[in-house]
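Presented below is the structure to which this report refers.
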Amino acid sequence: PLFKMHAHNYSTCGKIRVVLCKLCGSYRLKNGCVIFNDHLLSLVTSGPIVPFKLSDIGEGIMEVTVKEWYVKEGDKVSQFDSICEVQSDKASVTITSRYDGVIKKLYYEVDATALVGTPLVDIETEPGLEVAHEEDVVETPAMSNDEHTHQEIKGHKTQATPAVRRLAMENNIKLSEVVGTGRDGRILKEDILNFLAKQTGAILPPTPFHEIQPPPPPSPSVPLPVISRPVFTGKDSTEPLKGFHKAMVKTMTAALKIPHFGYKDEVDLTRLVQLRKELKGLSEGRGVKLSYMPFFIKAASLGLLHFPILNASVDEAVQNITYKASHNIGLAMDTSQGLLVPNVKNVQLLSVFEIAVELNRMQILGATGQLGTADLTGGTFTLSNIGSIGGTYAKPVILPPEVAIGALGKIQVLPRFNSRDEVVKAHVMNVSWSADHRIIDGATMARFSNLWRDYLENPASMVLDLK
Ligand code: COA
């Protein structure tokens, strides 16, 4: 009897595809005929060569740039071993093997463009080993539900496509924790997204502190973005725009359609500089670097609670406005791959320290080129701290479909008058806001900016409004 068929031994015998049954060891032709072992043994001992295709990695991504190979021809790989790093215009993704076997061919050079659905590598699969992926699992009608359930539990197997597995992996979700709603408990993309939404959704209660796992302090070995060296090539060179640069072209071209309204102000951060000094050691004691950014981000979220129109999006035809429940505050980040804008999810539910934890995590990922789609999508409002590099004012460009963005200048020590008309040393930072003038008027932007500034100039006042 054939209980369960596994397709890991799909092989071409002439033009005939065969399937090995793991339980009884017989082979089945695609047409359903059963063949006994000895007929096919010589064919399968070396294992069939399977073209391992670049499957759909979501977000409508159709092509990627191959950034790095982790394998070479002749290497042995196991399921889930890293094969290569590819970069789309949205994120960098590690492609893992779906098979146990030997790499026979790499289809692309580094920096070449690979299309979704085309082979990345050929893998000579090992005969007799199981490949636990949805499209490779074939069941005969003879198998009862009980038998099925038993096998799943015994093997702790979860059924999901590679794209779904990858989505789970990118978001650090264990498939075993996700309830599959597909046929026979198969985990679908929606199940992962629902699981993720439950973890990050605005309706969730605030995450208790003890559940936050602060990452280890950034180790000195983490490569930081390097200062570029002078380049003298002696001749012009032209190369295609790829990956994140391509995304920037697309996003910024779309942003140009938005009539930007600009508003700038000065913020006296003297008290915040003092407060951070006091909290920095405490935070570092918990393994987390505390910069000013978490305060800027939290103050923005507290302000957005009063001005939800700034945490909104408009559709392309500018017919509808959606007020976003979550404050997913993006921050422009200078990473090893260039400018990226990951966002801290649900800032309205996070403490300043929890935001710092997130920021530390993202900076480490950014420095090593590992920021994934989950971190890079879903932003609702953006801050760009260009001042950490230098500069006073900027003209930030809105990231559609968001409607507002703020750029922060360098904190400078400058003379200012205090309330008694005395000249004092002040820590001053300039902020430059841009808002979508089709739906946001200057007064709204100015009032929000005042509130944001007040929180930062009197950081203790933030405590009053923290949930
Ligand atoms: N003025 C003065 N000092 C600043 C500052 C500012 N505006 N912003 C940060 N700093 C200080 C920090 O406090 C920290 O000092 P410390 O060592 O005493 O703690 C130091 O500069 C380094 O901070 P950084 O590691 O950059 O952390 P951050 O949380 O302040 O900023 C990023 C994080 C991701 C925003 C930042 O690293 C970055 O990438 N900035 C560039 C953004 C960009 O490219 N914008 C342009 C988009 S077009």
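Letters A, B, ... go to the chains of the structure tokens in the order shown; residues in each chain start at 1; ligands are counted from 1 in the same order.
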
Quick one: everything within 8 Å of segment 362-379 of chain A, counting only C-alpha atoms, minus sequence neighbours fewer than 5 positions away in the same chain. Send it as a PyMOL selection string.
-> chain A and resi 90-93+170-171+218+222-225+327-330+333-337+340-345+402

Could you give me, as an mmCIF file with N, CA, C and O atoms, in the first residue's frame, every polymer residue with an atom at most 9 Å away from an atom of ligand 1, counting only C-alpha atoms and all ligand atoms?
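Writing the result to part-v5.cif gives the following:
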```cif
data_model
loop_
_atom_site.group_PDB
_atom_site.id
_atom_site.type_symbol
_atom_site.label_atom_id
_atom_site.label_comp_id
_atom_site.auth_asym_id
_atom_site.auth_seq_id
_atom_site.Cartn_x
_atom_site.Cartn_y
_atom_site.Cartn_z
ATOM 1 N N PRO A 225 29.118 51.434 8.856
ATOM 2 C CA PRO A 225 29.287 52.053 7.542
ATOM 3 C C PRO A 225 30.612 52.807 7.494
ATOM 4 O O PRO A 225 30.930 53.557 8.415
ATOM 5 N N VAL A 273 19.617 66.660 26.985
ATOM 6 C CA VAL A 273 21.030 66.250 26.984
ATOM 7 C C VAL A 273 21.408 65.786 28.390
ATOM 8 O O VAL A 273 22.046 64.744 28.569
ATOM 9 N N ARG A 276 19.548 62.421 29.185
ATOM 10 C CA ARG A 276 20.157 61.267 28.519
ATOM 11 C C ARG A 276 21.453 60.865 29.215
ATOM 12 O O ARG A 276 21.769 59.691 29.369
ATOM 13 N N LYS A 277 22.202 61.881 29.634
ATOM 14 C CA LYS A 277 23.458 61.602 30.343
ATOM 15 C C LYS A 277 23.176 60.711 31.558
ATOM 16 O O LYS A 277 23.882 59.754 31.836
ATOM 17 N N LYS A 280 21.890 57.125 30.263
ATOM 18 C CA LYS A 280 22.749 56.391 29.322
ATOM 19 C C LYS A 280 23.414 55.179 29.996
ATOM 20 O O LYS A 280 23.345 54.051 29.496
ATOM 21 N N LYS A 289 22.354 50.636 23.956
ATOM 22 C CA LYS A 289 22.877 51.991 23.736
ATOM 23 C C LYS A 289 21.700 52.964 23.653
ATOM 24 O O LYS A 289 20.731 52.696 22.945
ATOM 25 N N LEU A 290 21.796 54.056 24.391
ATOM 26 C CA LEU A 290 20.691 55.025 24.393
ATOM 27 C C LEU A 290 21.153 56.332 23.766
ATOM 28 O O LEU A 290 21.924 57.084 24.353
ATOM 29 N N SER A 291 20.659 56.583 22.550
ATOM 30 C CA SER A 291 20.985 57.853 21.888
ATOM 31 C C SER A 291 19.785 58.796 22.070
ATOM 32 O O SER A 291 18.890 58.525 22.864
ATOM 33 N N TYR A 292 19.746 59.888 21.348
ATOM 34 C CA TYR A 292 18.608 60.807 21.458
ATOM 35 C C TYR A 292 17.408 60.322 20.655
ATOM 36 O O TYR A 292 16.277 60.718 20.907
ATOM 37 N N MET A 293 17.692 59.506 19.660
ATOM 38 C CA MET A 293 16.635 59.082 18.724
ATOM 39 C C MET A 293 15.391 58.511 19.413
ATOM 40 O O MET A 293 14.267 58.859 19.049
ATOM 41 N N PRO A 294 15.548 57.615 20.416
ATOM 42 C CA PRO A 294 14.337 57.064 21.053
ATOM 43 C C PRO A 294 13.453 58.151 21.666
ATOM 44 O O PRO A 294 12.225 58.049 21.632
ATOM 45 N N LEU A 331 12.860 55.521 10.486
ATOM 46 C CA LEU A 331 14.021 56.384 10.669
ATOM 47 C C LEU A 331 14.992 56.121 9.537
ATOM 48 O O LEU A 331 15.298 54.974 9.217
ATOM 49 N N ALA A 332 15.372 57.221 8.904
ATOM 50 C CA ALA A 332 16.329 57.088 7.808
ATOM 51 C C ALA A 332 17.624 56.571 8.410
ATOM 52 O O ALA A 332 18.079 57.076 9.433
ATOM 53 N N MET A 333 18.179 55.546 7.808
ATOM 54 C CA MET A 333 19.371 54.916 8.374
ATOM 55 C C MET A 333 20.461 54.813 7.308
ATOM 56 O O MET A 333 20.217 54.337 6.203
ATOM 57 N N ASP A 334 21.620 55.289 7.683
ATOM 58 C CA ASP A 334 22.774 55.211 6.791
ATOM 59 C C ASP A 334 23.409 53.838 7.002
ATOM 60 O O ASP A 334 24.067 53.615 8.004
ATOM 61 N N THR A 335 23.158 52.902 6.090
ATOM 62 C CA THR A 335 23.623 51.522 6.308
ATOM 63 C C THR A 335 24.703 51.154 5.302
ATOM 64 O O THR A 335 25.015 51.920 4.386
ATOM 65 N N GLY A 338 23.522 51.615 1.887
ATOM 66 C CA GLY A 338 23.004 52.934 1.513
ATOM 67 C C GLY A 338 21.853 53.316 2.425
ATOM 68 O O GLY A 338 21.665 52.726 3.491
ATOM 69 N N LEU A 339 21.074 54.289 1.970
ATOM 70 C CA LEU A 339 19.967 54.794 2.791
ATOM 71 C C LEU A 339 18.826 53.780 2.844
ATOM 72 O O LEU A 339 18.299 53.375 1.820
ATOM 73 N N LEU A 340 18.468 53.364 4.053
ATOM 74 C CA LEU A 340 17.303 52.506 4.245
ATOM 75 C C LEU A 340 16.419 53.158 5.296
ATOM 76 O O LEU A 340 16.900 53.936 6.117
ATOM 77 N N VAL A 341 15.125 52.844 5.262
ATOM 78 C CA VAL A 341 14.226 53.444 6.246
ATOM 79 C C VAL A 341 13.431 52.346 6.965
ATOM 80 O O VAL A 341 12.269 52.104 6.648
ATOM 81 N N ALA A 356 14.675 52.124 22.172
ATOM 82 C CA ALA A 356 16.134 52.016 22.061
ATOM 83 C C ALA A 356 16.544 50.577 21.734
ATOM 84 O O ALA A 356 17.447 50.345 20.921
ATOM 85 N N LEU A 359 15.892 50.057 18.137
ATOM 86 C CA LEU A 359 16.839 50.833 17.338
ATOM 87 C C LEU A 359 18.209 50.138 17.293
ATOM 88 O O LEU A 359 18.837 50.034 16.232
ATOM 89 N N ASN A 360 18.640 49.644 18.451
ATOM 90 C CA ASN A 360 19.918 48.916 18.511
ATOM 91 C C ASN A 360 19.880 47.706 17.581
ATOM 92 O O ASN A 360 20.808 47.438 16.826
ATOM 93 N N MET A 362 17.990 47.229 14.953
ATOM 94 C CA MET A 362 17.971 47.633 13.549
ATOM 95 C C MET A 362 19.331 48.153 13.103
ATOM 96 O O MET A 362 19.741 47.937 11.963
ATOM 97 N N GLN A 363 20.021 48.852 13.985
ATOM 98 C CA GLN A 363 21.342 49.373 13.596
ATOM 99 C C GLN A 363 22.320 48.238 13.337
ATOM 100 O O GLN A 363 23.120 48.296 12.412
ATOM 101 N N GLY A 366 21.269 46.770 10.082
ATOM 102 C CA GLY A 366 21.599 47.705 9.006
ATOM 103 C C GLY A 366 23.088 47.677 8.688
ATOM 104 O O GLY A 366 23.490 47.694 7.526
ATOM 105 N N LEU A 383 11.256 60.003 10.680
ATOM 106 C CA LEU A 383 12.217 60.988 11.167
ATOM 107 C C LEU A 383 13.574 60.669 10.542
ATOM 108 O O LEU A 383 13.943 59.493 10.446
ATOM 109 N N SER A 384 14.280 61.695 10.128
ATOM 110 C CA SER A 384 15.601 61.471 9.537
ATOM 111 C C SER A 384 16.622 62.275 10.331
ATOM 112 O O SER A 384 16.610 63.505 10.298
ATOM 113 N N ASN A 385 17.454 61.560 11.083
ATOM 114 C CA ASN A 385 18.445 62.236 11.925
ATOM 115 C C ASN A 385 19.732 62.462 11.135
ATOM 116 O O ASN A 385 20.739 61.797 11.353
ATOM 117 N N ILE A 386 19.676 63.402 10.215
ATOM 118 C CA ILE A 386 20.866 63.703 9.419
ATOM 119 C C ILE A 386 21.925 64.365 10.297
ATOM 120 O O ILE A 386 23.115 64.341 10.008
ATOM 121 N N GLY A 387 21.461 64.928 11.434
ATOM 122 C CA GLY A 387 22.374 65.613 12.351
ATOM 123 C C GLY A 387 23.411 64.694 12.965
ATOM 124 O O GLY A 387 24.443 65.166 13.455
ATOM 125 N N SER A 388 23.155 63.386 12.962
ATOM 126 C CA SER A 388 24.180 62.483 13.494
ATOM 127 C C SER A 388 25.395 62.474 12.562
ATOM 128 O O SER A 388 26.477 62.051 12.946
ATOM 129 N N ILE A 389 25.197 62.951 11.332
ATOM 130 C CA ILE A 389 26.326 63.091 10.402
ATOM 131 C C ILE A 389 26.773 64.555 10.382
ATOM 132 O O ILE A 389 27.967 64.850 10.365
ATOM 133 N N GLY A 390 25.829 65.460 10.407
ATOM 134 C CA GLY A 390 26.148 66.887 10.407
ATOM 135 C C GLY A 390 25.000 67.681 9.842
ATOM 136 O O GLY A 390 23.944 67.130 9.494
ATOM 137 N N GLY A 391 25.160 68.978 9.739
ATOM 138 C CA GLY A 391 24.137 69.814 9.100
ATOM 139 C C GLY A 391 23.160 70.415 10.085
ATOM 140 O O GLY A 391 22.994 69.917 11.204
ATOM 141 N N THR A 392 22.516 71.489 9.639
ATOM 142 C CA THR A 392 21.579 72.209 10.505
ATOM 143 C C THR A 392 20.148 72.013 9.999
ATOM 144 O O THR A 392 19.287 71.535 10.714
ATOM 145 N N ALA A 394 17.454 70.756 6.687
ATOM 146 C CA ALA A 394 17.346 69.857 5.531
ATOM 147 C C ALA A 394 15.998 70.108 4.869
ATOM 148 O O ALA A 394 15.173 70.864 5.400
ATOM 149 N N PRO A 396 13.491 67.501 3.899
ATOM 150 C CA PRO A 396 13.184 66.075 3.763
ATOM 151 C C PRO A 396 12.078 65.814 2.747
ATOM 152 O O PRO A 396 11.189 66.655 2.567
ATOM 153 N N VAL A 397 12.180 64.680 2.102
ATOM 154 C CA VAL A 397 11.194 64.305 1.076
ATOM 155 C C VAL A 397 10.297 63.205 1.650
ATOM 156 O O VAL A 397 10.789 62.201 2.177
ATOM 157 N N ALA A 407 13.235 66.140 9.531
ATOM 158 C CA ALA A 407 14.692 65.948 9.491
ATOM 159 C C ALA A 407 15.304 66.708 10.660
ATOM 160 O O ALA A 407 14.920 67.851 10.940
ATOM 161 N N LEU A 408 16.213 66.047 11.360
ATOM 162 C CA LEU A 408 16.806 66.621 12.561
ATOM 163 C C LEU A 408 18.236 67.033 12.275
ATOM 164 O O LEU A 408 19.000 66.261 11.697
ATOM 165 N N GLY A 409 18.572 68.251 12.667
ATOM 166 C CA GLY A 409 19.936 68.733 12.448
ATOM 167 C C GLY A 409 20.848 68.330 13.596
ATOM 168 O O GLY A 409 20.448 67.618 14.523
ATOM 169 N N LYS A 410 22.057 68.808 13.522
ATOM 170 C CA LYS A 410 23.065 68.485 14.538
ATOM 171 C C LYS A 410 22.777 69.264 15.825
ATOM 172 O O LYS A 410 22.412 70.447 15.769
ATOM 173 N N ILE A 411 22.914 68.605 16.958
ATOM 174 C CA ILE A 411 22.757 69.308 18.232
ATOM 175 C C ILE A 411 24.027 70.149 18.426
ATOM 176 O O ILE A 411 25.136 69.609 18.445
ATOM 177 N N GLN A 412 23.834 71.467 18.542
ATOM 178 C CA GLN A 412 24.994 72.354 18.673
ATOM 179 C C GLN A 412 24.951 73.081 20.011
ATOM 180 O O GLN A 412 23.873 73.405 20.503
ATOM 181 N N VAL A 428 21.260 73.165 21.168
ATOM 182 C CA VAL A 428 20.190 73.533 20.231
ATOM 183 C C VAL A 428 20.188 72.604 19.008
ATOM 184 O O VAL A 428 21.243 72.292 18.462
ATOM 185 N N MET A 429 18.990 72.198 18.645
ATOM 186 C CA MET A 429 18.853 71.384 17.430
ATOM 187 C C MET A 429 17.751 71.984 16.551
ATOM 188 O O MET A 429 16.738 72.456 17.068
ATOM 189 N N ASN A 430 17.974 71.967 15.271
ATOM 190 C CA ASN A 430 16.944 72.452 14.351
ATOM 191 C C ASN A 430 16.198 71.266 13.758
ATOM 192 O O ASN A 430 16.780 70.212 13.512
#
```

So what do you get for atom CA of Ile405 of chain A versus atom CA of Ser432 of chain A, distance-wise?
->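 Pair atom CA of Ile405 of chain A / atom CA of Ser432 of chain A returns 8.4 Å.
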
Distance query Tyr107 of chain A at most 7 Å, only C-alpha atoms, self and fewer than 5 positions along chain excluded, as a ChimeraX atom specification | /A:119-121

Any chance you could export the current selection's N, CA and C atoms as an mmCIF file, in the first residue's frame?
```
data_model
loop_
_atom_site.group_PDB
_atom_site.id
_atom_site.type_symbol
_atom_site.label_atom_id
_atom_site.label_comp_id
_atom_site.auth_asym_id
_atom_site.auth_seq_id
_atom_site.Cartn_x
_atom_site.Cartn_y
_atom_site.Cartn_z
ATOM 1 N N PRO A 119 15.941 29.269 -12.359
ATOM 2 C CA PRO A 119 16.836 28.532 -11.454
ATOM 3 C C PRO A 119 17.995 29.394 -10.942
ATOM 4 N N LEU A 120 18.317 29.172 -9.654
ATOM 5 C CA LEU A 120 19.494 29.812 -9.049
ATOM 6 C C LEU A 120 20.674 28.854 -9.094
ATOM 7 N N VAL A 121 20.376 27.599 -8.702
ATOM 8 C CA VAL A 121 21.417 26.560 -8.695
ATOM 9 C C VAL A 121 20.800 25.242 -9.126
#
```

Find the residues near Ile83 of chain A: any atom within 12 Å, counting only C-alpha atoms, skip ones fewer than 3 places away on the same chain, and give them as number ranges by chain.
-> A: 52-54, 66-73, 75-80, 86, 93-100, 102-103, 105-106, 120-123

Choose the residue, out of A:Asn346, A:Ser88, A:Thr113, A:Thr233, that has the smallest atom-to-atom separation from Leu302 of chain A; count only C-alpha atoms.
-> A:Asn346

Between A:Ser237, A:Thr65, A:Thr380, A:Gln87, which has the minimum distance to Ile309 of chain A (counting only C-alpha atoms)?
->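 Of A:Ser237, A:Thr65, A:Thr380, A:Gln87, the one nearest Ile309 of chain A, counting only C-alpha atoms, is A:Thr380.
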
State, in Å with one decimal place, the distance from atom CA of Asn320 of chain A to atom CA of His437 of chain A.
->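 For atom CA of Asn320 of chain A relative to atom CA of His437 of chain A, the distance reads 14.9 Å.
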